[in-house]
Every structure is written in C-alpha cells, then in structure tokens.
file run.cif (mmCIF, C-alpha atoms and all ligand atoms)
data_model
#
loop_
_atom_site.label_atom_id
_atom_site.label_comp_id
_atom_site.auth_asym_id
_atom_site.auth_seq_id
_atom_site.Cartn_x
_atom_site.Cartn_y
_atom_site.Cartn_z
CA MET A 1050 86.42 55.31 35.57
CA ASN A 1051 84.07 56.67 38.27
CA SER A 1052 81.42 59.30 37.61
CA ARG A 1053 83.61 62.07 38.99
CA GLN A 1054 86.26 61.38 36.39
CA GLN A 1055 83.73 61.63 33.56
CA TYR A 1056 82.08 64.80 34.83
CA ALA A 1057 84.15 67.38 32.98
CA ASP A 1058 83.65 65.57 29.67
CA TYR A 1059 79.96 66.42 29.76
CA CYS A 1060 79.32 69.18 32.30
CA LEU A 1061 80.76 72.64 32.76
CA ASP A 1062 83.45 72.08 35.34
CA ILE A 1063 82.56 74.92 37.70
CA TYR A 1064 82.24 73.27 41.10
CA GLY A 1065 85.58 71.66 41.96
CA GLN A 1066 83.85 68.53 43.17
CA VAL A 1067 85.25 66.01 45.62
CA GLU A 1068 85.92 62.40 44.60
CA PHE A 1069 83.02 60.93 46.57
CA VAL A 1070 79.94 60.34 44.37
CA PRO A 1071 76.79 59.79 46.46
CA VAL A 1072 74.07 57.60 45.01
CA ARG A 1073 71.76 57.31 48.00
CA GLY A 1074 71.06 59.05 51.27
CA ASN A 1075 69.25 58.17 54.46
CA GLY A 1076 68.92 60.57 57.38
CA SER A 1077 72.36 62.09 57.90
CA ARG A 1078 74.18 59.37 55.99
CA LEU A 1079 75.23 59.33 52.36
CA TYR A 1080 76.25 56.21 50.45
CA GLY A 1081 78.67 56.41 47.54
CA GLU A 1082 78.87 54.57 44.22
CA ASP A 1083 82.01 52.93 45.66
CA GLY A 1084 79.94 51.63 48.60
CA ARG A 1085 81.39 54.04 51.14
CA GLU A 1086 79.25 55.59 53.89
CA VAL A 1087 79.68 59.26 54.77
CA ILE A 1088 78.16 61.18 57.68
CA ASP A 1089 76.65 64.33 56.25
CA LEU A 1090 77.44 67.45 58.29
CA ALA A 1091 76.69 69.68 55.28
CA ALA A 1092 73.12 68.71 54.31
CA GLY A 1093 73.64 69.90 50.76
CA ILE A 1094 74.60 73.47 51.56
CA ALA A 1095 72.23 73.85 54.51
CA VAL A 1096 69.41 72.42 52.40
CA ASN A 1097 68.41 68.90 53.52
CA ALA A 1098 67.12 70.24 56.83
CA LEU A 1099 65.34 66.98 57.67
CA GLY A 1100 67.99 64.66 56.31
CA HIS A 1101 67.95 62.49 53.22
CA ALA A 1102 64.96 60.38 52.19
CA ASN A 1103 62.85 61.67 55.04
CA PRO A 1104 59.77 59.40 55.08
CA ASP A 1105 57.31 62.23 55.85
CA LEU A 1106 58.63 64.32 52.97
CA ILE A 1107 58.56 61.33 50.62
CA GLN A 1108 54.95 60.73 51.58
CA ALA A 1109 54.00 64.39 50.98
CA LEU A 1110 55.78 64.36 47.62
CA ASN A 1111 54.30 61.05 46.51
CA TYR A 1112 50.80 62.12 47.51
CA GLN A 1113 51.11 65.35 45.55
CA ALA A 1114 52.72 63.57 42.58
CA GLU A 1115 49.52 61.61 42.17
CA GLN A 1116 47.32 64.72 42.33
CA LEU A 1117 48.82 67.57 40.32
CA TRP A 1118 52.38 68.39 39.18
CA HIS A 1119 52.04 71.71 37.48
CA VAL A 1120 49.54 74.34 36.49
CA SER A 1121 50.41 77.77 35.21
CA ASN A 1122 50.24 80.68 37.61
CA ILE A 1123 47.08 81.90 35.94
CA MET A 1124 45.46 79.30 38.19
CA VAL A 1125 45.63 79.12 41.97
CA ASN A 1126 46.98 75.83 43.31
CA GLN A 1127 46.15 74.69 46.82
CA PRO A 1128 49.63 73.67 48.07
CA ALA A 1129 51.05 77.08 47.06
CA LEU A 1130 48.21 78.92 48.75
CA ALA A 1131 48.67 76.86 51.91
CA LEU A 1132 52.40 77.58 51.91
CA ALA A 1133 51.90 81.32 51.45
CA LYS A 1134 49.40 81.31 54.31
CA THR A 1135 51.75 79.43 56.64
CA LEU A 1136 54.78 81.58 55.82
CA THR A 1137 52.89 84.82 56.32
CA ASP A 1138 51.19 83.57 59.50
CA LEU A 1139 54.53 82.56 60.99
CA SER A 1140 56.61 85.59 59.95
CA CYS A 1141 56.37 89.35 60.32
CA CYS A 1142 55.41 89.59 56.62
CA ASP A 1143 51.97 89.47 55.02
CA ARG A 1144 52.37 88.47 51.36
CA ALA A 1145 54.43 85.77 49.64
CA PHE A 1146 55.89 85.31 46.17
CA ILE A 1147 56.95 81.71 45.67
CA CYS A 1148 59.78 80.94 43.28
CA ASN A 1149 62.40 78.23 42.70
CA SER A 1150 65.64 79.31 44.35
CA GLY A 1151 67.32 81.75 46.69
CA THR A 1152 68.57 83.93 43.87
CA GLU A 1153 65.06 84.29 42.49
CA ALA A 1154 63.79 85.30 45.92
CA ILE A 1155 66.53 87.95 46.07
CA GLU A 1156 65.73 89.19 42.58
CA ALA A 1157 62.02 89.46 43.41
CA GLY A 1158 62.68 91.39 46.63
CA LEU A 1159 65.06 93.85 45.00
CA LYS A 1160 62.77 94.41 42.04
CA LEU A 1161 59.84 94.98 44.38
CA ALA A 1162 61.84 97.49 46.42
CA ARG A 1163 63.05 99.44 43.39
CA ARG A 1164 59.62 99.57 41.81
CA TYR A 1165 58.02 100.60 45.09
CA ALA A 1166 60.51 103.44 45.45
CA LEU A 1167 60.01 104.54 41.84
CA LYS A 1168 56.27 104.55 42.20
CA HIS A 1169 56.06 106.37 45.51
CA PHE A 1170 59.14 108.59 45.49
CA GLY A 1171 60.45 108.89 41.89
CA ALA A 1172 63.41 107.62 39.86
CA GLU A 1173 66.13 109.14 42.07
CA LYS A 1174 65.30 106.75 44.89
CA HIS A 1175 66.81 103.59 43.46
CA LYS A 1176 69.97 103.00 45.50
CA ILE A 1177 70.60 99.50 46.82
CA VAL A 1178 72.78 99.36 49.94
CA SER A 1179 74.45 96.00 50.49
CA PHE A 1180 77.51 94.93 52.50
CA GLN A 1181 81.03 93.78 51.77
CA ASN A 1182 81.52 90.04 51.94
CA SER A 1183 77.82 89.29 51.50
CA PHE A 1184 76.48 86.61 49.16
CA HIS A 1185 73.06 86.81 47.55
CA GLY A 1186 73.23 84.36 44.63
CA ARG A 1187 74.63 84.04 41.15
CA THR A 1188 72.52 85.94 38.61
CA LEU A 1189 74.08 89.13 37.33
CA PHE A 1190 71.89 91.25 39.62
CA ALA A 1191 72.61 88.98 42.60
CA VAL A 1192 76.40 88.95 42.13
CA SER A 1193 76.32 92.73 41.67
CA VAL A 1194 74.45 93.18 44.94
CA GLY A 1195 76.62 90.59 46.68
CA GLY A 1196 79.71 92.05 48.31
CA GLN A 1197 82.38 89.75 46.86
CA ALA A 1198 84.07 91.12 43.75
CA LYS A 1199 85.37 87.67 42.75
CA TYR A 1200 81.82 86.68 41.78
CA SER A 1201 81.02 89.80 39.74
CA GLN A 1202 84.15 91.43 38.34
CA ASP A 1203 84.45 89.30 35.21
CA PHE A 1204 80.87 89.99 34.17
CA ALA A 1205 80.97 93.76 33.88
CA PRO A 1206 79.27 96.05 33.02
CA LEU A 1207 77.22 95.47 36.15
CA PRO A 1208 73.83 97.02 36.97
CA PRO A 1209 74.37 100.47 38.51
CA GLY A 1210 72.98 102.01 41.70
CA ILE A 1211 74.46 99.46 44.11
CA VAL A 1212 76.86 100.35 46.95
CA HIS A 1213 78.55 98.18 49.57
CA GLY A 1214 79.07 99.24 53.17
CA ILE A 1215 81.18 97.58 55.84
CA PHE A 1216 79.29 94.76 57.57
CA ASN A 1217 78.66 95.33 61.29
CA ASP A 1218 79.85 98.93 61.01
CA CYS A 1219 77.09 101.37 61.99
CA ALA A 1220 79.05 104.44 60.85
CA SER A 1221 79.50 102.98 57.36
CA ALA A 1222 75.75 102.27 57.13
CA GLU A 1223 74.99 105.78 58.29
CA GLN A 1224 77.19 107.19 55.55
CA LEU A 1225 75.53 105.20 52.74
CA ILE A 1226 71.84 105.04 53.65
CA ASP A 1227 70.12 108.27 52.60
CA GLN A 1228 66.95 109.62 51.00
CA ASN A 1229 67.85 107.99 47.66
CA THR A 1230 68.06 104.52 49.17
CA ALA A 1231 65.34 102.17 47.97
CA VAL A 1232 66.45 99.09 49.89
CA VAL A 1233 69.07 97.84 52.32
CA ILE A 1234 69.84 94.13 52.04
CA VAL A 1235 71.70 92.15 54.68
CA GLU A 1236 72.23 88.56 55.81
CA PRO A 1237 71.59 88.18 59.57
CA ILE A 1238 74.58 85.84 59.45
CA GLN A 1239 76.94 86.22 56.49
CA ALA A 1240 77.07 82.55 55.67
CA GLU A 1241 79.13 82.11 52.50
CA GLY A 1242 81.20 85.08 53.64
CA GLY A 1243 82.65 83.11 56.56
CA VAL A 1244 79.75 82.49 59.00
CA ARG A 1245 79.81 86.02 60.44
CA PRO A 1246 76.80 86.92 62.60
CA ALA A 1247 75.48 90.49 62.42
CA SER A 1248 75.46 92.27 65.77
CA ALA A 1249 72.09 93.27 67.20
CA GLU A 1250 73.32 96.85 67.34
CA PHE A 1251 74.08 96.80 63.59
CA LEU A 1252 70.71 95.38 62.54
CA GLN A 1253 68.90 97.77 64.85
CA LYS A 1254 70.84 100.64 63.30
CA LEU A 1255 69.84 99.49 59.81
CA ARG A 1256 66.19 99.38 60.92
CA GLN A 1257 66.43 102.90 62.31
CA LEU A 1258 68.15 104.28 59.18
CA CYS A 1259 65.62 102.62 56.86
CA ASP A 1260 62.74 104.11 58.87
CA GLN A 1261 64.40 107.50 58.85
CA HIS A 1262 64.93 107.48 55.06
CA GLN A 1263 61.83 105.55 54.02
CA ALA A 1264 63.89 102.69 52.68
CA ILE A 1265 62.94 99.02 52.71
CA LEU A 1266 64.93 96.67 54.95
CA MET A 1267 65.43 93.24 53.38
CA PHE A 1268 66.90 90.28 55.26
CA ASP A 1269 68.40 87.53 53.13
CA GLU A 1270 67.43 84.45 55.13
CA VAL A 1271 68.10 81.97 52.33
CA GLN A 1272 70.65 80.18 54.51
CA THR A 1273 69.56 81.26 58.01
CA GLY A 1274 65.80 80.78 57.64
CA ILE A 1275 63.52 77.82 58.45
CA GLY A 1276 64.99 76.78 61.78
CA ARG A 1277 68.69 76.84 60.98
CA THR A 1278 69.54 79.21 63.85
CA GLY A 1279 67.18 77.60 66.36
CA LYS A 1280 64.40 80.09 65.54
CA LEU A 1281 62.13 79.68 62.54
CA PHE A 1282 63.63 82.91 61.14
CA ALA A 1283 66.98 84.35 62.17
CA TYR A 1284 65.51 87.85 62.57
CA GLN A 1285 63.69 86.46 65.62
CA ASN A 1286 67.06 86.31 67.39
CA TYR A 1287 67.26 90.10 67.14
CA ALA A 1288 64.76 92.76 68.20
CA VAL A 1289 64.40 93.81 64.56
CA GLU A 1290 61.74 93.10 61.94
CA PRO A 1291 62.64 93.27 58.25
CA ASP A 1292 60.17 94.42 55.56
CA ILE A 1293 61.20 91.71 53.11
CA ILE A 1294 62.58 88.23 53.75
CA SER A 1295 64.12 85.93 51.14
CA LEU A 1296 63.98 82.19 51.77
CA ALA A 1297 65.05 79.01 49.96
CA LYS A 1298 67.40 76.12 50.87
CA ALA A 1299 65.82 74.43 53.94
CA LEU A 1300 62.32 75.48 52.88
CA GLY A 1301 62.11 72.57 50.45
CA GLY A 1302 64.19 70.12 52.51
CA GLY A 1303 66.03 69.30 49.27
CA PHE A 1304 63.27 70.01 46.78
CA PRO A 1305 63.97 73.26 44.87
CA ILE A 1306 61.90 76.20 46.10
CA GLY A 1307 62.35 79.81 47.15
CA ALA A 1308 60.08 82.48 48.58
CA MET A 1309 60.06 86.24 48.98
CA LEU A 1310 57.92 87.52 51.84
CA VAL A 1311 56.94 91.16 52.16
CA LYS A 1312 54.96 93.39 54.48
CA GLN A 1313 51.54 94.41 53.21
CA ARG A 1314 52.39 98.12 53.06
CA TYR A 1315 54.98 97.42 50.34
CA GLN A 1316 52.97 94.90 48.33
CA ASP A 1317 52.17 97.33 45.50
CA GLY A 1318 55.87 97.28 44.59
CA LEU A 1319 54.94 94.28 42.46
CA GLU A 1320 51.54 94.29 40.79
CA LEU A 1321 49.72 92.54 37.98
CA GLY A 1322 52.17 91.78 35.18
CA SER A 1323 55.25 93.35 36.82
CA HIS A 1324 56.97 90.08 37.75
CA GLY A 1325 56.41 86.35 37.42
CA THR A 1326 57.71 82.81 37.02
CA THR A 1327 56.70 79.65 35.16
CA PHE A 1328 57.65 77.05 37.74
CA GLY A 1329 57.51 79.12 40.94
CA GLY A 1330 54.89 77.85 43.37
CA ASN A 1331 54.61 74.48 41.69
CA PRO A 1332 52.45 72.05 43.67
CA LEU A 1333 55.16 69.42 44.19
CA ALA A 1334 57.65 71.84 45.77
CA CYS A 1335 54.95 73.53 47.84
CA ALA A 1336 53.54 70.23 49.13
CA VAL A 1337 57.00 69.27 50.36
CA ALA A 1338 57.63 72.74 51.86
CA ASN A 1339 54.32 72.59 53.74
CA LYS A 1340 55.44 69.34 55.37
CA VAL A 1341 58.93 70.75 56.07
CA LEU A 1342 57.41 73.70 57.92
CA GLU A 1343 55.01 71.48 59.85
CA ILE A 1344 57.91 69.38 61.13
CA ILE A 1345 60.47 72.13 61.75
CA ASN A 1346 58.18 74.65 63.39
CA THR A 1347 57.90 72.77 66.66
CA GLN A 1348 59.44 73.79 69.96
CA GLN A 1349 61.05 70.37 70.29
CA LEU A 1350 62.90 70.50 66.98
CA LEU A 1351 64.00 74.11 67.39
CA GLU A 1352 65.30 73.39 70.90
CA GLN A 1353 67.12 70.36 69.54
CA VAL A 1354 68.90 72.63 67.05
CA ILE A 1355 70.38 74.58 69.96
CA GLU A 1356 71.39 71.37 71.79
CA ARG A 1357 73.16 70.01 68.71
CA SER A 1358 74.76 73.39 68.15
CA ASN A 1359 76.22 73.29 71.65
CA GLN A 1360 77.42 69.74 71.02
CA ILE A 1361 79.33 70.81 67.88
CA LYS A 1362 80.79 73.91 69.49
CA ALA A 1363 81.93 71.96 72.56
CA TYR A 1364 83.48 69.26 70.37
CA LEU A 1365 85.32 71.74 68.15
CA THR A 1366 86.52 73.71 71.18
CA GLU A 1367 87.90 70.52 72.69
CA LEU A 1368 89.55 69.56 69.40
CA ASN A 1369 91.05 73.00 69.28
CA TYR A 1370 92.61 72.65 72.76
CA ARG A 1371 94.59 69.78 71.32
CA TYR A 1372 95.58 71.21 67.95
CA GLY A 1373 95.23 75.01 68.06
CA LEU A 1374 93.93 74.81 64.50
CA TYR A 1375 91.26 77.49 64.82
CA GLN A 1376 91.27 81.07 66.04
CA ASP A 1377 87.49 81.37 66.29
CA ILE A 1378 84.49 79.04 66.50
CA ARG A 1379 81.26 80.91 65.87
CA GLY A 1380 77.77 80.86 64.44
CA CYS A 1381 74.25 80.29 65.62
CA GLY A 1382 72.22 77.10 65.79
CA LEU A 1383 73.38 74.65 63.13
CA LEU A 1384 75.26 77.20 61.04
CA ILE A 1385 78.71 76.98 62.56
CA GLY A 1386 82.03 78.22 61.27
CA ALA A 1387 85.53 77.48 62.56
CA GLN A 1388 88.06 80.02 61.34
CA LEU A 1389 91.61 78.77 60.85
CA ALA A 1390 94.49 80.21 62.84
CA ASN A 1391 96.75 82.41 60.69
CA LEU A 1392 99.35 79.65 60.50
CA TYR A 1393 96.95 77.51 58.45
CA THR A 1394 95.49 80.24 56.31
CA GLY A 1395 93.73 79.20 53.11
CA GLN A 1396 93.60 75.48 53.97
CA ALA A 1397 89.98 74.94 54.97
CA LYS A 1398 89.26 73.12 51.69
CA THR A 1399 92.15 70.69 52.24
CA ILE A 1400 90.71 69.75 55.63
CA MET A 1401 87.20 69.45 54.20
CA GLN A 1402 88.46 67.16 51.43
CA LEU A 1403 90.40 65.03 53.91
CA GLY A 1404 87.12 64.69 55.81
CA PHE A 1405 85.63 62.77 52.90
CA ASP A 1406 88.53 60.30 53.07
CA TYR A 1407 87.57 59.62 56.70
CA GLY A 1408 83.82 59.45 55.96
CA VAL A 1409 82.45 62.89 56.81
CA ALA A 1410 81.01 65.63 54.60
CA SER A 1411 81.36 69.25 55.70
CA LEU A 1412 81.64 72.63 53.97
CA ILE A 1413 83.88 75.63 53.81
CA ALA A 1414 82.90 79.30 53.90
CA THR A 1415 85.82 81.20 52.33
CA PRO A 1416 89.19 79.40 52.27
CA GLU A 1417 89.65 80.25 55.98
CA VAL A 1418 86.57 78.70 57.53
CA ASN A 1419 85.37 75.11 57.95
CA ARG A 1420 81.58 75.18 58.04
CA PHE A 1421 79.08 72.74 59.55
CA THR A 1422 75.40 72.83 58.56
CA PRO A 1423 74.00 69.36 59.33
CA ALA A 1424 70.36 68.38 59.10
CA LEU A 1425 68.37 69.99 61.92
CA ASN A 1426 67.19 66.55 63.05
CA ILE A 1427 70.61 64.86 63.11
CA SER A 1428 70.92 62.45 66.02
CA THR A 1429 73.55 62.94 68.75
CA ASN A 1430 75.15 59.64 67.73
CA GLU A 1431 75.46 60.57 64.07
CA LEU A 1432 76.82 63.95 65.05
CA GLU A 1433 79.35 62.40 67.40
CA LEU A 1434 80.45 59.93 64.73
CA GLY A 1435 80.74 62.66 62.09
CA LEU A 1436 82.78 64.88 64.39
CA SER A 1437 85.09 62.03 65.40
CA ARG A 1438 85.74 61.36 61.71
CA PHE A 1439 86.38 65.07 61.22
CA THR A 1440 88.90 64.85 64.07
CA GLN A 1441 90.70 62.05 62.23
CA ALA A 1442 90.90 64.32 59.18
CA VAL A 1443 92.31 67.10 61.35
CA GLU A 1444 94.88 64.70 62.83
CA HIS A 1445 95.93 63.69 59.32
CA PHE A 1446 96.17 67.36 58.31
CA MET A 1447 98.24 68.26 61.37
CA ALA A 1448 100.58 65.31 60.78
CA ASN A 1449 101.25 66.67 57.28
CA GLN A 1450 102.15 70.08 58.72
CA ALA A 1451 104.99 68.71 60.82
N1 LIG B 1501 71.47 84.12 49.58
C1 LIG B 1501 72.20 83.45 50.48
C2 LIG B 1501 72.41 84.02 51.84
C3 LIG B 1501 72.77 82.22 50.14
O1 LIG B 1501 73.51 81.55 51.04
C4 LIG B 1501 72.54 81.70 48.85
C5 LIG B 1501 73.14 80.42 48.44
O2 LIG B 1501 74.07 79.93 49.02
C6 LIG B 1501 71.76 82.44 47.96
C7 LIG B 1501 71.23 83.65 48.35
C8 LIG B 1501 71.47 81.91 46.58
O3 LIG B 1501 70.56 80.87 46.65
P1 LIG B 1501 70.41 79.83 45.42
O4 LIG B 1501 71.73 79.17 45.25
O5 LIG B 1501 69.30 78.92 45.86
O6 LIG B 1501 70.02 80.63 44.23
#

call {"tool": "encode", "arguments": {"input": "run.cif", "output": "structure tokens", "more": "lines below"}}
Ligand code: PLP
result
Amino acid sequence: MNSRQQYADYCLDIYGQVEFVPVRGNGSRLYGEDGREVIDLAAGIAVNALGHANPDLIQALNYQAEQLWHVSNIMVNQPALALAKTLTDLSCCDRAFICNSGTEAIEAGLKLARRYALKHFGAEKHKIVSFQNSFHGRTLFAVSVGGQAKYSQDFAPLPPGIVHGIFNDCASAEQLIDQNTAVVIVEPIQAEGGVRPASAEFLQKLRQLCDQHQAILMFDEVQTGIGRTGKLFAYQNYAVEPDIISLAKALGGGFPIGAMLVKQRYQDGLELGSHGTTFGGNPLACAVANKVLEIINTQQLLEQVIERSNQIKAYLTELNYRYGLYQDIRGCGLLIGAQLANLYTGQAKTIMQLGFDYGVASLIATPEVNRFTPALNISTNELELGLSRFTQAVEHFMANQA
C-alpha cells in the first residue's frame, strides 16, 4: 500500500489528492516514493517560487535555525524587522503585520479596515465590498468575503455586512460602493476563480470610488505578489495603488508566512492589543522570506518571468492549433490559465491528473481551467520538458474523446 492509499485512514480526506507521493524535490523536479520524476509546473500552488531545495534558501534557514527559532511578539526579532523594512521600502505601503498564511493576512487587513472605519466614521461604515468568483482563503470570515458560495454556504450563519459585486464591471462597483463602505477587496488577477485578470479600467474605478467614499482599497496579492506577474507586486502592472496588500505563498518560497501591508494613514486601524499572533513573524520564516525577496527582486529574474511566460503561452497556443482544446489562454507572468472549449467543459482535473501519469504537475483553477504556476526561476529546458509531457497528457485525453 502506498502512502496515498493510507491517507484517508488518518487524515481528513478534504483534498482529493493525486496518486503521486513526492518525497524529495530539487529545482523544478519532484521525485516520488515510487521513484518517478515529475516536472513541477505548479510549485505548490504558486508557492515554491525559487524551486525545491533552493541552496540559498536552505542556507538562510540553516543559519537562522542555529541562531533563534522563536520569541514571543513582546520582543522584536531582527529577521522580522528586516522583512518589514524591505516590504515597506519596496511597496506603496508603510507598515507591515507579519503572519503565517494568506488567510491570516486577509483577516488582518479586513479587521484593520473595519476598525479604522468604526473609529473614524462610526459603526454604520462597516460594509465590505468583494467580488463574485473571488477567493480569499478558508476561515469563516475569508470564505464569507470570498465570492464563491460553494466555500461558504454550508457554514452559515455567515458574518454580515459583506456584499459581492460583478468582477470587472464598473457599474456594479458603482452601485455597491457608498459612504457605508469600509473596504473594497479585490484580486488583481482572480487566481482560484479561473485566472481572470482585472482590467486597468476596473481597478482604476475602484480606486476612484474608494477615494470618493473614504473607503480603503485592499488588493489580495497572496497569489499574484512577489514576482509572479513579472513585477514584484501585481498592482505595479496597473496605474493604481492599493491602501492594503495581503501577501503569502511565494513570500516564503515554501516556508509558511503571510504579511499584511498598509499605508501609514490607516495604521491606527490596528493598535496595541487589537490584533496579534503567536507564530507570526517568527525568525525562521522571516529569514527565508528575506532571502526570497533578495533573489526575486532583481531585474534579471523579473524579466525572466516574462520570457518564461511567453514560452508557455506560445507552447499552449501551438498545442491548441492542433487540438482546439482551449477557448482562451490568459494570465500574466507565470500565472497562466487555459480555459477549456465548451465541448470539454468540466474536464480540467482529468487532464491535470493525466499529466502526473506522464510526469508533469500542474494545477486547475475551477473545473474549466488548466493552470500553470511554475517556479519563477524554472529553466527553459525544464519548462520545455514539462510542457511536452503535458502535451502527451493532452494527446491521451483527446484520444479518449474519440
Ligand atoms: N487569497 C488568495 C488570492 C489565494 O489564492 C489564497 C490561496 O490560494 C488565499 C488568499 C489563502 O491563502 P492561504 O491558503 O495561505 O491561507
């Protein structure tokens, strides 16, 4: 019996895992307990931004492991301070709250925004405007704010004061954002919701409406941040600055960490005693994140992201000439989605699973979209090999359709 077969005997069976059980990784390759090698075009879920077992990250982690693992947040620790300084220097924000995951960064930002509105404008101003199809994490607050009922409906009653507009629809935003709005939260690219980029016009409209109604604009950059789109932050692709940014995933390169960044003028939304975390900002995670940022925030690596992005898009477009499998290939940098043609609706997971049989790991984003989020430093050769294996999976899939 392999580990996959034993899983449900001991763990809550909530992930629908594939058969492949990785035991080791190196760069963009995973090695399974059955000895198989798989090219990783998923990088966790857009997490291992510098590949597996990156020597620089190992060195940073090992160094820190010999210094200090944990102190409570009643003491300052140097790696956390350095990380907060770097993140605020590099972004449009001025203060950081470091936590352990994307959901925690979301929770912190929303709590800050509500408390800021309460303090400065009164209890009426508590509305959270989010968008249909969005994903912001899995706590009760996060699934309530997220715009996909399938994640929240079975957990009612849900926290009130949350509405969902239509993504990329300026008129819908105009209708919902008013004087009682505390915060508007949006993903610059709806990642889990099918790799759907926001239009510049839409984000600019949100900025204008937030300014008009004294509401906070929060960008969820948990999946798009830290180089994934070819810029350090996805907002830099648009002429729009958010007031709050949530980060996680790539920030730790595989080590759990999250961060909520905020502009100075809103910092009193969270004050002494109003929020906190035991593990957030722990020295190990921050030491790794500092190294991740040092490596990713270089012109060379960010330009490489765009080159690899073009390579994937060109490959998928070519594949599509042959098979007509997809109706749209979209995304930015190394967050790419290929949406199935109507004829193949709902079958993205089947193709993804077949990929593992041919030695390539990828993702889906909704049952209609195959998603590719490889490490930002993947080599052209590894990418080519992974995509050729994906093509074999597609060929197998198409043969079964006949
Ligand atoms: N926000 C976005 C945009 C995400 O993609 C995710 C995770 O996929 C989250 C929030 C939640 O992050 P985490 O799973 O680290 O809590």

call {"tool": "closest_atom_pairs", "arguments": {"input": "run.cif", "of": "chain A", "to": "ligand LIG 1501 (chain B)", "cutoff": "8 Å", "atoms": "only C-alpha atoms and all ligand atoms", "output": "Markdown table"}}
result
| residue | atom | partner | partner_atom | distance |
| --- | --- | --- | --- | --- |
| A:Ile1094 | CA | B:LIG1501 | O2 | 7.0 |
| A:Asn1149 | CA | B:LIG1501 | O5 | 7.6 |
| A:Ser1150 | CA | B:LIG1501 | O5 | 4.0 |
| A:Gly1151 | CA | B:LIG1501 | O3 | 3.4 |
| A:Thr1152 | CA | B:LIG1501 | O6 | 3.6 |
| A:Glu1153 | CA | B:LIG1501 | O6 | 6.4 |
| A:Ala1154 | CA | B:LIG1501 | O6 | 8.0 |
| A:Ile1155 | CA | B:LIG1501 | C7 | 6.8 |
| A:Ser1183 | CA | B:LIG1501 | C2 | 7.6 |
| A:Phe1184 | CA | B:LIG1501 | C1 | 5.5 |
| A:His1185 | CA | B:LIG1501 | N1 | 3.7 |
| A:Gly1186 | CA | B:LIG1501 | C8 | 3.6 |
| A:Arg1187 | CA | B:LIG1501 | O6 | 6.5 |
| A:Ala1191 | CA | B:LIG1501 | C7 | 8.0 |
| A:Glu1236 | CA | B:LIG1501 | C2 | 6.0 |
| A:Gln1239 | CA | B:LIG1501 | C2 | 6.9 |
| A:Ala1240 | CA | B:LIG1501 | O1 | 5.9 |
| A:Glu1241 | CA | B:LIG1501 | O1 | 5.8 |
| A:Asp1269 | CA | B:LIG1501 | C2 | 5.5 |
| A:Glu1270 | CA | B:LIG1501 | C2 | 6.0 |
| A:Val1271 | CA | B:LIG1501 | C1 | 4.7 |
| A:Gln1272 | CA | B:LIG1501 | O1 | 4.7 |
| A:Thr1273 | CA | B:LIG1501 | C2 | 7.3 |
| A:Ser1295 | CA | B:LIG1501 | N1 | 7.7 |
| A:Ala1297 | CA | B:LIG1501 | O5 | 5.9 |
| A:Lys1298 | CA | B:LIG1501 | O5 | 6.0 |
| A:Pro1305 | CA | B:LIG1501 | O5 | 7.8 |
| A:Ile1306 | CA | B:LIG1501 | O5 | 7.9 |
| A:Gly1307 | CA | B:LIG1501 | O5 | 7.1 |

call {"tool": "atom_distance", "arguments": {"input": "run.cif", "atom1": "CA of Thr1366 (chain A)", "atom2": "CA of Ala1442 (chain A)"}}
result
15.9 Å

call {"tool": "closest_residue", "arguments": {"input": "run.cif", "among": "A:Leu1412, A:Met1050, A:Ile1427, A:Met1309", "to": "Arg1144 (chain A)", "atoms": "all atoms listed in the file"}}
result
A:Met1309

call {"tool": "atom_distance", "arguments": {"input": "run.cif", "atom1": "CA of Asn1359 (chain A)", "atom2": "CA of Ser1248 (chain A)"}}
result
19.9 Å

call {"tool": "residues_near_point", "arguments": {"input": "run.cif", "point": "(61.2, 88.4, 43.5)", "cutoff": "12 Å", "atoms": "all atoms listed in the file", "output": "number ranges by chain"}}
result
A: 1144-1164, 1190-1191, 1267, 1293-1296, 1307-1311, 1316, 1318-1320, 1323-1326, 1329

call {"tool": "axis_aligned_box", "arguments": {"input": "run.cif", "around": "region 1141-1157 of chain A", "padding_each_side": "8 Å", "output": "AutoDock Vina command-line options"}}
result
--center_x 60.3 --center_y 83.9 --center_z 51.4 --size_x 32.6 --size_y 27.4 --size_z 33.8

call {"tool": "residues_near_point", "arguments": {"input": "run.cif", "point": "(51.4, 81.6, 45.6)", "cutoff": "8 Å", "atoms": "only C-alpha atoms", "output": "PDB file with C-alpha atoms, in the coordinates of the input"}}
result
ATOM      1  CA  VAL A1125      45.630  79.120  41.970  1.00  0.00           C
ATOM      2  CA  ASN A1126      46.980  75.830  43.310  1.00  0.00           C
ATOM      3  CA  ALA A1129      51.050  77.080  47.060  1.00  0.00           C
ATOM      4  CA  LEU A1130      48.210  78.920  48.750  1.00  0.00           C
ATOM      5  CA  LEU A1132      52.400  77.580  51.910  1.00  0.00           C
ATOM      6  CA  ALA A1133      51.900  81.320  51.450  1.00  0.00           C
ATOM      7  CA  ALA A1145      54.430  85.770  49.640  1.00  0.00           C
ATOM      8  CA  PHE A1146      55.890  85.310  46.170  1.00  0.00           C
ATOM      9  CA  ILE A1147      56.950  81.710  45.670  1.00  0.00           C
ATOM     10  CA  GLY A1330      54.890  77.850  43.370  1.00  0.00           C
TER      11      GLY A1330
END

call {"tool": "closest_atom_pairs", "arguments": {"input": "run.cif", "of": "region 1055-1113 of chain A", "to": "region 1392-1407 of chain A", "cutoff": "10 Å", "atoms": "only C-alpha atoms", "output": "Markdown table"}}
result
| residue | atom | partner | partner_atom | distance |
| --- | --- | --- | --- | --- |
| A:Gln1066 | CA | A:Gln1402 | CA | 9.6 |
| A:Val1067 | CA | A:Gln1402 | CA | 6.7 |
| A:Glu1068 | CA | A:Phe1405 | CA | 8.3 |
| A:Phe1069 | CA | A:Phe1405 | CA | 7.1 |
| A:Arg1085 | CA | A:Asp1406 | CA | 9.7 |
| A:Glu1086 | CA | A:Phe1405 | CA | 9.7 |
| A:Val1087 | CA | A:Phe1405 | CA | 7.2 |
| A:Ile1088 | CA | A:Phe1405 | CA | 9.0 |
| A:Asp1089 | CA | A:Phe1405 | CA | 9.7 |

call {"tool": "closest_residue", "arguments": {"input": "run.cif", "among": "A:Asn1346, A:Gln1450, A:Thr1188, A:Gln1388", "to": "Arg1277 (chain A)", "atoms": "only C-alpha atoms"}}
result
A:Asn1346

call {"tool": "decode", "arguments": {"input": "run.cif", "residues": "region 1417-1429 of chain A", "atoms": "C-alpha atoms", "output": "tab-separated table (two decimals), in the first residue's frame"}}
result
chain	number	residue	atom	x	y	z
A	1417	GLU	CA	-12.75	24.66	-16.67
A	1418	VAL	CA	-9.20	25.95	-16.47
A	1419	ASN	CA	-5.79	24.25	-16.50
A	1420	ARG	CA	-3.40	26.45	-14.56
A	1421	PHE	CA	0.39	26.76	-14.70
A	1422	THR	CA	2.34	28.46	-11.90
A	1423	PRO	CA	5.90	27.10	-12.12
A	1424	ALA	CA	8.83	28.34	-10.07
A	1425	LEU	CA	9.89	31.80	-11.24
A	1426	ASN	CA	13.42	30.51	-11.86
A	1427	ILE	CA	12.44	27.42	-13.88
A	1428	SER	CA	14.89	26.78	-16.72
A	1429	THR	CA	13.77	26.83	-20.37
